[in-house]
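See below for upload_26.cif, which holds mmCIF, C-alpha atoms.
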```
data_final
#
loop_
_atom_site.label_atom_id
_atom_site.label_comp_id
_atom_site.auth_asym_id
_atom_site.auth_seq_id
_atom_site.Cartn_x
_atom_site.Cartn_y
_atom_site.Cartn_z
CA MET A 12 6.26 2.61 -9.59
CA ARG A 13 5.92 5.94 -7.82
CA HIS A 14 6.81 8.45 -10.52
CA ARG A 15 9.19 9.39 -13.27
CA SER A 16 12.34 8.66 -11.31
CA LEU A 17 11.11 5.15 -10.67
CA LEU A 18 11.11 4.39 -14.37
CA VAL A 19 14.78 5.20 -14.39
CA LEU A 20 15.31 3.30 -11.18
CA SER A 21 13.43 0.31 -12.54
CA ALA A 22 15.62 0.17 -15.60
CA ALA A 23 18.76 0.47 -13.51
CA VAL A 24 17.62 -2.12 -11.02
CA THR A 25 16.51 -4.52 -13.75
CA ALA A 26 20.00 -4.41 -15.14
CA GLY A 27 21.44 -5.25 -11.75
CA ALA A 28 23.16 -8.57 -11.31
CA LEU A 29 22.23 -9.06 -7.68
CA SER A 30 19.06 -10.80 -6.59
CA LEU A 31 17.12 -10.75 -3.34
CA SER A 32 19.51 -12.31 -0.89
CA ALA A 33 17.41 -12.85 2.21
CA CYS A 34 14.20 -14.82 1.88
CA GLY A 35 14.06 -15.21 5.63
CA SER A 36 13.55 -17.95 8.11
CA ARG A 37 11.37 -20.87 7.18
CA GLY A 38 10.08 -21.41 10.67
CA GLU A 39 13.13 -23.11 12.12
CA ASN A 40 14.22 -20.20 14.33
CA LYS A 41 12.45 -19.66 17.62
CA SER A 42 12.17 -16.33 19.37
CA GLY A 43 14.92 -16.15 21.93
CA ASP A 44 17.08 -18.85 20.31
CA ASN A 45 20.73 -18.05 19.81
CA SER A 46 21.73 -17.55 16.20
CA ALA A 47 25.01 -18.69 14.75
CA SER A 48 26.50 -15.32 15.64
CA GLY A 49 25.42 -15.66 19.25
CA GLY A 50 22.51 -13.23 19.11
CA THR A 51 18.74 -13.55 18.96
CA THR A 52 16.94 -13.84 15.63
CA VAL A 53 13.72 -11.91 15.20
CA VAL A 54 11.76 -12.67 12.03
CA ILE A 55 9.55 -10.09 10.33
CA GLY A 56 6.86 -11.75 8.25
CA VAL A 57 5.80 -10.37 4.89
CA ASP A 58 2.49 -11.12 3.21
CA ALA A 59 1.93 -9.79 -0.31
CA PRO A 60 1.11 -10.96 -3.84
CA LEU A 61 4.48 -12.25 -4.99
CA SER A 62 3.00 -13.85 -8.10
CA GLY A 63 0.08 -13.01 -10.38
CA ASP A 64 -1.23 -9.75 -11.79
CA LEU A 65 -0.32 -7.61 -8.76
CA SER A 66 3.13 -9.10 -8.17
CA ALA A 67 4.90 -5.88 -9.22
CA LEU A 68 3.46 -4.16 -6.15
CA GLY A 69 3.98 -7.20 -3.92
CA LEU A 70 7.61 -7.68 -4.85
CA GLY A 71 8.26 -4.00 -4.18
CA ILE A 72 6.84 -4.52 -0.69
CA LYS A 73 8.94 -7.62 -0.06
CA ASN A 74 12.17 -6.07 -1.28
CA SER A 75 11.68 -2.90 0.75
CA VAL A 76 11.16 -4.91 3.95
CA ASP A 77 14.24 -6.93 3.11
CA LEU A 78 16.20 -3.69 2.71
CA ALA A 79 15.05 -2.44 6.12
CA VAL A 80 16.16 -5.71 7.71
CA LYS A 81 19.56 -5.52 6.04
CA GLN A 82 20.01 -1.91 7.17
CA ALA A 83 19.05 -2.74 10.76
CA ASN A 84 21.52 -5.63 10.85
CA ALA A 85 24.32 -3.60 9.24
CA LYS A 86 23.86 -0.87 11.84
CA ASN A 87 23.45 -3.34 14.71
CA TYR A 88 20.41 -1.21 15.45
CA VAL A 89 19.15 -3.50 18.19
CA PRO A 90 22.22 -4.87 19.97
CA GLY A 91 22.08 -8.65 20.32
CA VAL A 92 19.24 -9.00 17.80
CA LYS A 93 19.53 -10.12 14.19
CA PHE A 94 16.53 -9.53 11.95
CA ASP A 95 15.35 -11.80 9.17
CA ILE A 96 12.27 -11.96 6.93
CA LYS A 97 9.79 -14.66 6.02
CA ALA A 98 7.87 -13.72 2.89
CA LEU A 99 4.67 -15.53 1.89
CA ASP A 100 2.68 -15.15 -1.33
CA ASP A 101 -1.04 -14.43 -0.94
CA GLN A 102 -1.66 -14.02 -4.70
CA ALA A 103 -4.05 -11.18 -3.75
CA GLN A 104 -6.51 -13.81 -2.50
CA ALA A 105 -8.22 -13.58 0.90
CA SER A 106 -8.13 -17.35 1.44
CA SER A 107 -4.38 -17.48 0.85
CA GLY A 108 -3.88 -14.52 3.15
CA GLN A 109 -5.70 -16.27 5.97
CA GLN A 110 -3.59 -19.40 5.48
CA ASN A 111 -0.43 -17.28 5.51
CA ALA A 112 -1.55 -15.53 8.69
CA THR A 113 -2.02 -18.90 10.38
CA ALA A 114 1.43 -20.02 9.23
CA LEU A 115 3.09 -16.83 10.45
CA VAL A 116 1.40 -17.09 13.84
CA ALA A 117 2.61 -20.70 14.16
CA ASP A 118 6.21 -19.61 13.63
CA LYS A 119 7.19 -18.32 17.06
CA SER A 120 10.22 -16.51 15.65
CA VAL A 121 7.89 -14.12 13.81
CA LEU A 122 7.33 -11.08 16.02
CA GLY A 123 5.74 -8.72 13.49
CA VAL A 124 4.26 -8.81 9.99
CA VAL A 125 4.32 -6.29 7.14
CA GLY A 126 1.38 -6.52 4.74
CA PRO A 127 -0.86 -7.24 3.05
CA LEU A 128 -1.36 -5.21 -0.13
CA ASN A 129 -5.10 -5.76 -0.50
CA SER A 130 -7.74 -4.60 1.96
CA SER A 131 -9.85 -7.68 1.22
CA VAL A 132 -6.91 -9.89 2.17
CA ALA A 133 -6.39 -7.90 5.36
CA GLN A 134 -9.97 -8.62 6.41
CA SER A 135 -9.21 -12.34 6.36
CA MET A 136 -6.03 -11.96 8.42
CA GLN A 137 -6.85 -9.46 11.15
CA LYS A 138 -8.57 -11.78 13.61
CA VAL A 139 -5.86 -14.45 13.26
CA PHE A 140 -3.12 -11.97 14.14
CA ASP A 141 -5.14 -10.27 16.85
CA GLU A 142 -5.83 -13.49 18.73
CA ALA A 143 -2.10 -14.24 18.70
CA LYS A 144 -1.17 -10.66 19.70
CA LEU A 145 1.04 -10.54 16.62
CA VAL A 146 1.41 -7.00 15.32
CA GLU A 147 0.58 -6.36 11.67
CA VAL A 148 1.56 -3.17 9.82
CA SER A 149 0.21 -2.69 6.31
CA PRO A 150 1.96 -0.30 3.92
CA ALA A 151 -0.92 -0.33 1.44
CA ASN A 152 -4.39 -1.07 2.88
CA THR A 153 -6.66 1.96 2.54
CA ASN A 154 -10.17 0.76 3.43
CA PRO A 155 -11.24 2.80 6.51
CA ALA A 156 -13.24 -0.06 8.09
CA LEU A 157 -10.05 -2.00 8.81
CA THR A 158 -9.14 0.43 11.60
CA GLN A 159 -12.36 2.33 12.33
CA GLY A 160 -15.05 -0.36 11.99
CA ASP A 161 -17.90 -0.87 9.57
CA SER A 162 -19.83 2.17 10.80
CA TRP A 163 -17.01 4.66 10.27
CA ALA A 164 -18.87 6.54 7.51
CA SER A 165 -21.73 7.41 9.86
CA GLY A 166 -19.30 8.88 12.37
CA THR A 167 -19.28 5.89 14.72
CA LYS A 168 -15.68 4.76 14.87
CA ALA A 169 -14.53 1.71 16.82
CA ARG A 170 -11.20 -0.04 16.38
CA PRO A 171 -11.91 -3.71 15.57
CA PHE A 172 -8.42 -5.17 16.12
CA LYS A 173 -5.69 -3.69 18.28
CA SER A 174 -2.93 -5.62 16.50
CA TYR A 175 -3.54 -3.91 13.15
CA PHE A 176 -1.68 -0.75 12.08
CA ARG A 177 -0.94 0.90 8.74
CA THR A 178 1.45 3.45 7.29
CA ALA A 179 -0.83 4.26 4.31
CA THR A 180 -3.61 6.78 4.71
CA THR A 181 -7.20 5.73 4.03
CA ASP A 182 -9.81 6.01 1.29
CA ALA A 183 -11.83 8.21 3.63
CA ILE A 184 -9.56 10.97 2.34
CA GLN A 185 -8.08 9.47 -0.84
CA GLY A 186 -11.42 9.27 -2.68
CA PRO A 187 -12.50 12.80 -1.72
CA PHE A 188 -9.02 14.17 -2.53
CA ALA A 189 -9.38 12.74 -6.04
CA ALA A 190 -12.89 14.19 -6.37
CA GLN A 191 -11.71 17.66 -5.40
CA TYR A 192 -8.90 17.53 -7.95
CA LEU A 193 -11.09 16.24 -10.76
CA TYR A 194 -13.82 18.83 -10.13
CA ASN A 195 -11.84 21.88 -9.02
CA GLU A 196 -8.54 21.50 -10.90
CA ALA A 197 -9.33 19.37 -13.95
CA LYS A 198 -12.76 21.04 -14.35
CA LYS A 199 -14.57 17.75 -14.97
CA THR A 200 -18.19 18.07 -13.86
CA LYS A 201 -19.60 14.83 -15.31
CA VAL A 202 -18.08 11.49 -14.36
CA PHE A 203 -18.88 7.82 -14.87
CA VAL A 204 -17.95 5.69 -11.82
CA VAL A 205 -16.80 2.08 -12.17
CA ASP A 206 -15.56 -0.32 -9.49
CA ASP A 207 -14.39 -3.93 -9.33
CA LYS A 208 -16.70 -4.93 -6.44
CA LYS A 209 -13.74 -5.70 -4.15
CA THR A 210 -13.35 -4.21 -0.67
CA TYR A 211 -10.76 -1.68 -1.81
CA GLY A 212 -12.28 -0.72 -5.16
CA ALA A 213 -15.90 -0.40 -4.08
CA GLY A 214 -14.95 1.53 -0.96
CA LEU A 215 -12.73 3.96 -2.85
CA ALA A 216 -15.37 4.56 -5.53
CA GLY A 217 -17.94 5.22 -2.80
CA THR A 218 -15.90 7.89 -1.05
CA PHE A 219 -15.06 9.51 -4.39
CA LYS A 220 -18.73 9.64 -5.41
CA GLY A 221 -19.77 11.13 -2.07
CA GLU A 222 -17.39 14.06 -2.37
CA PHE A 223 -17.92 14.59 -6.11
CA THR A 224 -21.67 14.94 -5.71
CA LYS A 225 -21.14 17.16 -2.66
CA LEU A 226 -19.17 19.47 -4.95
CA LYS A 227 -22.21 19.55 -7.29
CA GLY A 228 -20.58 17.26 -9.83
CA THR A 229 -22.83 14.86 -11.73
CA VAL A 230 -22.36 11.08 -11.72
CA VAL A 231 -23.79 10.29 -15.16
CA GLY A 232 -23.54 6.53 -14.72
CA GLU A 233 -22.24 3.72 -12.55
CA ASP A 234 -21.26 0.14 -13.26
CA HIS A 235 -19.22 -2.74 -11.92
CA VAL A 236 -16.66 -5.09 -13.44
CA ASN A 237 -14.97 -8.26 -12.32
CA PRO A 238 -11.27 -7.85 -11.45
CA ASP A 239 -10.37 -10.55 -13.99
CA ASP A 240 -12.34 -8.97 -16.86
CA ARG A 241 -10.34 -7.74 -19.85
CA ASP A 242 -13.11 -7.17 -22.43
CA PHE A 243 -14.95 -3.97 -21.54
CA SER A 244 -16.84 -3.37 -24.80
CA ALA A 245 -20.26 -3.25 -23.12
CA ILE A 246 -19.26 -0.79 -20.41
CA VAL A 247 -17.26 1.31 -22.90
CA THR A 248 -20.46 1.80 -24.91
CA LYS A 249 -22.30 2.91 -21.77
CA ILE A 250 -19.59 5.39 -20.91
CA LYS A 251 -19.50 6.84 -24.47
CA ASN A 252 -23.25 7.31 -24.48
CA SER A 253 -23.33 8.88 -21.00
CA GLY A 254 -21.65 12.17 -21.87
CA ALA A 255 -19.02 11.60 -19.17
CA GLN A 256 -16.00 13.90 -19.16
CA ALA A 257 -13.96 11.41 -17.12
CA VAL A 258 -14.13 7.90 -15.67
CA TYR A 259 -13.33 7.20 -12.04
CA TYR A 260 -12.23 3.60 -11.51
CA GLY A 261 -12.17 1.97 -8.08
CA GLY A 262 -9.82 -0.97 -8.44
CA GLU A 263 -6.35 -1.92 -9.59
CA TYR A 264 -4.21 -1.57 -12.70
CA PRO A 265 -4.70 -5.03 -14.31
CA ALA A 266 -8.30 -4.12 -15.21
CA ALA A 267 -7.94 -0.32 -15.25
CA ALA A 268 -5.32 -0.37 -18.02
CA PRO A 269 -7.36 -2.26 -20.65
CA LEU A 270 -10.50 -0.32 -19.69
CA SER A 271 -8.70 2.95 -20.38
CA GLN A 272 -7.17 1.68 -23.60
CA GLN A 273 -10.47 0.36 -24.94
CA LEU A 274 -12.18 3.66 -24.10
CA LYS A 275 -9.66 5.61 -26.15
CA LYS A 276 -9.80 3.12 -29.01
CA ALA A 277 -13.59 3.50 -29.11
CA GLY A 278 -13.23 7.24 -29.50
CA ALA A 279 -13.99 8.29 -25.94
CA ASN A 280 -11.00 10.55 -25.46
CA ILE A 281 -11.54 11.15 -21.75
CA PRO A 282 -9.20 10.47 -18.83
CA LEU A 283 -9.52 7.55 -16.48
CA MET A 284 -8.71 8.35 -12.87
CA GLY A 285 -8.06 5.83 -10.12
CA GLY A 286 -6.44 5.45 -6.74
CA ASP A 287 -3.16 3.98 -5.56
CA GLY A 288 -4.13 0.61 -7.03
CA VAL A 289 -3.83 2.18 -10.48
CA TYR A 290 -0.67 4.13 -9.70
CA SER A 291 1.94 1.72 -11.03
CA GLY A 292 4.37 1.60 -13.91
CA GLU A 293 2.54 -1.57 -14.95
CA PHE A 294 -0.55 0.52 -15.79
CA ILE A 295 1.47 2.37 -18.41
CA LYS A 296 3.08 -0.81 -19.74
CA LEU A 297 -0.36 -2.39 -20.20
CA ASN A 298 -1.99 0.71 -21.68
CA LYS A 299 -0.68 2.25 -24.90
CA SER A 300 -3.22 5.07 -24.53
CA ALA A 301 -2.45 5.99 -20.92
CA ALA A 302 -1.40 9.60 -21.63
CA GLY A 303 -3.56 11.99 -19.62
CA ASP A 304 -4.87 9.37 -17.20
CA LEU A 305 -4.75 10.19 -13.50
CA ALA A 306 -4.21 8.44 -10.18
CA THR A 307 -3.86 9.36 -6.55
CA SER A 308 -1.34 7.75 -4.24
CA VAL A 309 -0.49 8.05 -0.58
CA GLY A 310 2.16 10.53 0.49
CA TYR A 311 4.33 12.99 -1.40
CA PRO A 312 6.51 11.95 -4.37
CA VAL A 313 9.67 10.25 -3.22
CA GLU A 314 11.76 12.46 -5.51
CA GLN A 315 10.60 15.48 -3.49
CA LEU A 316 11.37 13.98 -0.07
CA PRO A 317 14.88 14.52 1.28
CA SER A 318 14.10 11.77 3.79
CA ALA A 319 13.83 9.23 0.96
CA LYS A 320 17.12 9.89 -0.82
CA GLU A 321 19.03 7.32 1.23
CA PHE A 322 16.29 4.73 0.74
CA VAL A 323 16.28 5.18 -3.05
CA ALA A 324 20.09 5.00 -3.20
CA ASN A 325 20.26 1.92 -0.97
CA TYR A 326 17.50 0.17 -2.88
CA GLN A 327 19.34 0.69 -6.14
CA LYS A 328 22.64 -0.34 -4.60
CA ALA A 329 21.11 -3.57 -3.27
CA GLY A 330 20.39 -4.64 -6.83
CA TYR A 331 16.76 -5.73 -6.56
CA LYS A 332 15.45 -6.60 -10.01
CA ASP A 333 11.98 -5.23 -9.24
CA ALA A 334 11.14 -1.55 -8.64
CA PHE A 335 9.96 -0.58 -5.16
CA GLU A 336 6.75 0.70 -6.73
CA ALA A 337 4.05 2.74 -4.97
CA TYR A 338 4.47 1.20 -1.52
CA GLY A 339 8.24 0.79 -1.23
CA GLY A 340 8.85 3.64 1.19
CA TYR A 341 5.78 2.71 3.23
CA SER A 342 6.91 -0.92 3.38
CA TYR A 343 10.36 0.12 4.60
CA ASP A 344 8.75 2.34 7.23
CA SER A 345 6.34 -0.44 8.26
CA ALA A 346 9.24 -2.81 8.82
CA TRP A 347 11.20 -0.11 10.64
CA ALA A 348 8.23 0.54 12.92
CA ILE A 349 8.41 -3.12 13.98
CA ILE A 350 12.16 -2.82 14.43
CA GLU A 351 11.66 0.28 16.61
CA ALA A 352 9.08 -1.57 18.72
CA VAL A 353 11.47 -4.50 19.16
CA LYS A 354 14.24 -2.10 20.17
CA SER A 355 11.99 -0.51 22.79
CA VAL A 356 10.96 -3.87 24.25
CA VAL A 357 14.51 -5.18 24.36
CA ALA A 358 15.79 -1.99 26.01
CA ALA A 359 13.10 -2.24 28.69
CA ASN A 360 14.04 -5.86 29.43
CA ASN A 361 17.77 -5.55 30.13
CA GLY A 362 18.80 -6.12 26.55
CA LYS A 363 16.83 -9.31 25.97
CA LEU A 364 13.51 -10.29 24.47
CA PRO A 365 10.90 -11.13 27.13
CA ASP A 366 8.95 -14.38 27.04
CA ASP A 367 5.80 -12.50 26.03
CA ALA A 368 7.60 -10.62 23.26
CA ARG A 369 4.64 -10.48 20.87
CA ALA A 370 2.35 -8.86 23.41
CA LYS A 371 5.04 -6.42 24.51
CA ILE A 372 5.85 -5.45 20.90
CA LEU A 373 2.16 -4.93 20.21
CA ASP A 374 1.93 -2.58 23.20
CA ALA A 375 5.04 -0.71 22.07
CA MET A 376 3.80 -0.21 18.50
CA GLY A 377 1.22 2.38 19.49
CA LYS A 378 4.00 4.53 20.96
CA VAL A 379 6.37 4.27 17.99
CA SER A 380 7.39 7.61 16.51
CA PHE A 381 10.33 8.27 14.20
CA ASP A 382 11.38 10.14 11.07
CA GLY A 383 11.01 7.63 8.26
CA VAL A 384 11.42 7.43 4.50
CA THR A 385 7.93 8.82 3.96
CA GLY A 386 8.07 11.43 6.70
CA LYS A 387 7.02 11.26 10.33
CA VAL A 388 5.88 7.74 11.24
CA SER A 389 3.44 7.40 14.12
CA PHE A 390 -0.06 6.06 14.71
CA ASP A 391 -3.31 7.43 16.10
CA GLU A 392 -5.74 5.72 18.48
CA TYR A 393 -7.13 3.58 15.64
CA GLY A 394 -3.76 2.37 14.38
CA ASP A 395 -3.95 4.71 11.39
CA THR A 396 -0.96 6.70 10.24
CA THR A 397 -0.83 10.31 11.34
CA ASN A 398 0.60 11.15 7.88
CA LYS A 399 -2.39 12.27 5.76
CA GLN A 400 -0.51 13.48 2.70
CA LEU A 401 -1.62 12.53 -0.83
CA THR A 402 -0.52 13.20 -4.40
CA VAL A 403 -2.30 13.26 -7.76
CA TYR A 404 -0.24 11.90 -10.65
CA GLN A 405 -0.84 12.13 -14.39
CA VAL A 406 0.63 10.04 -17.19
CA LYS A 407 2.86 12.30 -19.24
CA GLY A 408 4.86 10.62 -21.97
CA ALA A 409 5.79 7.21 -20.61
CA ALA A 410 5.79 8.03 -16.91
CA TRP A 411 3.68 9.18 -14.00
CA ALA A 412 4.30 12.83 -13.14
CA PRO A 413 3.10 14.48 -9.91
CA VAL A 414 0.65 17.32 -10.55
CA LYS A 415 -0.71 18.14 -7.08
CA SER A 416 0.23 17.23 -3.51
CA GLY A 417 -1.51 18.09 -0.28
CA THR A 418 -4.00 16.90 2.31
CA PHE A 419 -7.75 16.54 1.99
CA THR A 420 -9.75 19.40 3.46
CA GLY A 421 -13.37 18.44 4.07
#
```
As structure tokens, how would this structure be written, given the file I've shared?
Amino acid sequence: MRHRSLLVLSAAVTAGALSLSACGSRGENKSGDNSASGGTTVVIGVDAPLSGDLSALGLGIKNSVDLAVKQANAKNYVPGVKFDIKALDDQAQASSGQQNATALVADKSVLGVVGPLNSSVAQSMQKVFDEAKLVEVSPANTNPALTQGDSWASGTKARPFKSYFRTATTDAIQGPFAAQYLYNEAKKTKVFVVDDKKTYGAGLAGTFKGEFTKLKGTVVGEDHVNPDDRDFSAIVTKIKNSGAQAVYYGGEYPAAAPLSQQLKKAGANIPLMGGDGVYSGEFIKLNKSAAGDLATSVGYPVEQLPSAKEFVANYQKAGYKDAFEAYGGYSYDSAWAIIEAVKSVVAANNGKLPDDARAKILDAMGKVSFDGVTGKVSFDEYGDTTNKQLTVYQVKGAAWAPVKSGTFTG
């Protein structure tokens, strides 16, 4: 969930009687085949955790892509082309993501993929998609190495896979943005850093620590947890004894919520701060002591974006039972970027898809530029979004409230 308005939206949507109506092709359509209506069916794949601890975020991704597809079809946005989706569940597991990537590549009707949620899952999928020239646009991956290579931190940037793009900004600025807020705005000079050892969590914690120490803040302790851990008594004791004024957690809400709650219960009345993996309504549901905790997330709050009003209204009208969560707008824009690339390729080929549609769509993606739900959507030479905006949220009452928006200034 993105913020306060999402709590209202979630309640309204939960009460809705309609369910997700388009689960997409199951591999029977072939690119260029005539559909029942006489047009061509183009399938947009979706890979996300649709079950398990992170399913709230994954279902928000799926539903938002589905909404984009419905809007494109209703508008006949690409004449002669009908869009559909094929959503696969990766359960936030890299092995499942790789299997899903192989399955999506094998389905020739799939001409673009939105996802995944997790950076570690993306690492397992990138090569599969790249070899097939199948474009992939993630609304949520934030690890910088996915687009800029493993040596990005040393200033040596090299794009590993040309088929990979993302509409979410990276931890290269998200971690430092959080550090600047915690040190300069919240006046916390001593922090204990914890991560879950995953690609996303460890990377985010690392960029936070680098900026916090650069600001002359003190990291009074560091530790690691397993993503499936729920008993944090040992690490809570370490944090209490460290003199920390705050905890920075690199990871996601299923572990962050009980860690925060157990800290407060033990008498350590200090805020936990995390990244976009913590920024979810589920964090508050799982944590009765969440008040005062902080999280950063990509972009500006949807409630403050005139460009998102239609998306929010249409999402509610569609009756999805799950909230669009932190990545809804970015998922819609990721799907629409694929739709724009398809439109460009079809227009350049006399109104029809070419035989090498995947390669042509991949080439077109780098030139895509449009005004989306989350603002201007376009990509730089690495496939990263040109939108570098971020927001800090704080739990106030029973909802996330935005407290600071801007861009990181190094």
Please evaluate the PyMOL selection byres ((chain A and resi 91) around 9) against the structure above and give the resulting residues as a ChimeraX atom specification. /A:49-52,87,89-90,92-93,362-363
Excluding Gln102 (chain A) and any residue of its chain fewer than 3 positions from it, enumerate the residues within 12 Å of it, using all atoms listed in the file, and give them as a ChimeraX atom specification. /A:58-70,99,105-111,127-129,131-132
Next, dump the selected residues to file, keeping only C-alpha atoms, as a PDB file, in the coordinates of the input.
```pdb
ATOM      1  CA  ASP A  58       2.490 -11.120   3.210  1.00  0.00           C
ATOM      2  CA  ALA A  59       1.930  -9.790  -0.310  1.00  0.00           C
ATOM      3  CA  PRO A  60       1.110 -10.960  -3.840  1.00  0.00           C
ATOM      4  CA  LEU A  61       4.480 -12.250  -4.990  1.00  0.00           C
ATOM      5  CA  SER A  62       3.000 -13.850  -8.100  1.00  0.00           C
ATOM      6  CA  GLY A  63       0.080 -13.010 -10.380  1.00  0.00           C
ATOM      7  CA  ASP A  64      -1.230  -9.750 -11.790  1.00  0.00           C
ATOM      8  CA  LEU A  65      -0.320  -7.610  -8.760  1.00  0.00           C
ATOM      9  CA  SER A  66       3.130  -9.100  -8.170  1.00  0.00           C
ATOM     10  CA  ALA A  67       4.900  -5.880  -9.220  1.00  0.00           C
ATOM     11  CA  LEU A  68       3.460  -4.160  -6.150  1.00  0.00           C
ATOM     12  CA  GLY A  69       3.980  -7.200  -3.920  1.00  0.00           C
ATOM     13  CA  LEU A  70       7.610  -7.680  -4.850  1.00  0.00           C
ATOM     14  CA  LEU A  99       4.670 -15.530   1.890  1.00  0.00           C
ATOM     15  CA  ALA A 105      -8.220 -13.580   0.900  1.00  0.00           C
ATOM     16  CA  SER A 106      -8.130 -17.350   1.440  1.00  0.00           C
ATOM     17  CA  SER A 107      -4.380 -17.480   0.850  1.00  0.00           C
ATOM     18  CA  GLY A 108      -3.880 -14.520   3.150  1.00  0.00           C
ATOM     19  CA  GLN A 109      -5.700 -16.270   5.970  1.00  0.00           C
ATOM     20  CA  GLN A 110      -3.590 -19.400   5.480  1.00  0.00           C
ATOM     21  CA  ASN A 111      -0.430 -17.280   5.510  1.00  0.00           C
ATOM     22  CA  PRO A 127      -0.860  -7.240   3.050  1.00  0.00           C
ATOM     23  CA  LEU A 128      -1.360  -5.210  -0.130  1.00  0.00           C
ATOM     24  CA  ASN A 129      -5.100  -5.760  -0.500  1.00  0.00           C
ATOM     25  CA  SER A 131      -9.850  -7.680   1.220  1.00  0.00           C
ATOM     26  CA  VAL A 132      -6.910  -9.890   2.170  1.00  0.00           C
TER      27      VAL A 132
END
```
Quick check on the file I pasted: which residues fall under the PyMOL selection byres ((chain A and resi 212-229) around 8)? Write them as a ChimeraX atom specification. /A:154,182-191,194,199-202,204-211,230-231,259-263,286
Tell me which residues come within 10 Å of (-2.4, 11.1, -13.9), as a PyMOL selection string, counting all atoms listed in the file in the file's coordinates. chain A and resi 282-286+289-290+301-307+402-407+410-415
Would you mind exporting C-alpha atoms of the selected residues as a PDB file, in the coordinates of the input?
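Saved to selection.pdb:
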```
ATOM      1  CA  PRO A 282      -9.200  10.470 -18.830  1.00  0.00           C
ATOM      2  CA  LEU A 283      -9.520   7.550 -16.480  1.00  0.00           C
ATOM      3  CA  MET A 284      -8.710   8.350 -12.870  1.00  0.00           C
ATOM      4  CA  GLY A 285      -8.060   5.830 -10.120  1.00  0.00           C
ATOM      5  CA  GLY A 286      -6.440   5.450  -6.740  1.00  0.00           C
ATOM      6  CA  VAL A 289      -3.830   2.180 -10.480  1.00  0.00           C
ATOM      7  CA  TYR A 290      -0.670   4.130  -9.700  1.00  0.00           C
ATOM      8  CA  ALA A 301      -2.450   5.990 -20.920  1.00  0.00           C
ATOM      9  CA  ALA A 302      -1.400   9.600 -21.630  1.00  0.00           C
ATOM     10  CA  GLY A 303      -3.560  11.990 -19.620  1.00  0.00           C
ATOM     11  CA  ASP A 304      -4.870   9.370 -17.200  1.00  0.00           C
ATOM     12  CA  LEU A 305      -4.750  10.190 -13.500  1.00  0.00           C
ATOM     13  CA  ALA A 306      -4.210   8.440 -10.180  1.00  0.00           C
ATOM     14  CA  THR A 307      -3.860   9.360  -6.550  1.00  0.00           C
ATOM     15  CA  THR A 402      -0.520  13.200  -4.400  1.00  0.00           C
ATOM     16  CA  VAL A 403      -2.300  13.260  -7.760  1.00  0.00           C
ATOM     17  CA  TYR A 404      -0.240  11.900 -10.650  1.00  0.00           C
ATOM     18  CA  GLN A 405      -0.840  12.130 -14.390  1.00  0.00           C
ATOM     19  CA  VAL A 406       0.630  10.040 -17.190  1.00  0.00           C
ATOM     20  CA  LYS A 407       2.860  12.300 -19.240  1.00  0.00           C
ATOM     21  CA  ALA A 410       5.790   8.030 -16.910  1.00  0.00           C
ATOM     22  CA  TRP A 411       3.680   9.180 -14.000  1.00  0.00           C
ATOM     23  CA  ALA A 412       4.300  12.830 -13.140  1.00  0.00           C
ATOM     24  CA  PRO A 413       3.100  14.480  -9.910  1.00  0.00           C
ATOM     25  CA  VAL A 414       0.650  17.320 -10.550  1.00  0.00           C
ATOM     26  CA  LYS A 415      -0.710  18.140  -7.080  1.00  0.00           C
TER      27      LYS A 415
END
```
Fewer than 2 positions away in the same chain doesn't count, so skip those; otherwise give me all residues within 8 Å of Ser271 (chain A), counting all atoms listed in the file, as a list in words. Ala267, Ala268, Pro269, Gln273, Leu274, Lys275, Pro282, Leu283, Asn298, Ser300 and Ala301 of chain A
Quick one: apply the PyMOL selection byres ((chain A and resi 148) around 6) to the file and drop the selected residues here as a PDB file with C-alpha atoms, keeping the file's coordinate frame.
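Result file follows (result25.pdb):
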```pdb
ATOM      1  CA  VAL A 125       4.320  -6.290   7.140  1.00  0.00           C
ATOM      2  CA  GLU A 147       0.580  -6.360  11.670  1.00  0.00           C
ATOM      3  CA  SER A 149       0.210  -2.690   6.310  1.00  0.00           C
ATOM      4  CA  PHE A 176      -1.680  -0.750  12.080  1.00  0.00           C
ATOM      5  CA  ARG A 177      -0.940   0.900   8.740  1.00  0.00           C
ATOM      6  CA  SER A 345       6.340  -0.440   8.260  1.00  0.00           C
TER       7      SER A 345
END
```
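Straight-line separation from CA of Ser389 (chain A) to CA of Ser174 (chain A): 14.7 Å.
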Determine, counting only C-alpha atoms, which protein, DNA and RNA residues have an atom within 8 Å of an atom of Val76 (chain A); residues of the same chain fewer than 4 positions away are not included. Present the result as number ranges by chain. A: 57, 72, 80, 96, 125, 342-343, 345-346
Can you measure CA of Ala79 (chain A) to CA of Val353 (chain A) for me? One decimal in Å is fine.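 For CA of Ala79 (chain A) relative to CA of Val353 (chain A), the distance reads 13.7 Å.
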re CA of Val384 (chain A) and CA of Lys320 (chain A): distance 8.2 Å
Using only C-alpha atoms, can you list as a VMD selection string the residues within 12 Å of (13.2, -4.6, 24.1)? chain A and resid 43 51 53 88 to 92 122 349 to 376
Near Asn252 (chain A), counting all atoms listed in the file, which residues have an atom at most 12 Å away, once you skip same-chain residues fewer than 4 positions from it, shown as JSON, numbers by chain? {"A": [203, 231, 232, 245, 246, 247, 248, 256, 274, 277, 278, 279]}
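Minimum atom-to-atom distances from A:Thr180, A:Thr153, A:Asn195, A:Ser120 to Leu401 (chain A) were compared using all atoms listed in the file, and the lowest value belongs to A:Thr180.
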In terms of the shortest atom-to-atom distance over all atoms listed in the file, which of A:Gln272, A:Ser380, A:Ser308, A:Gln137 is closest to Ile295 (chain A)?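 For Ile295 (chain A), the nearest of the given residues is A:Gln272.
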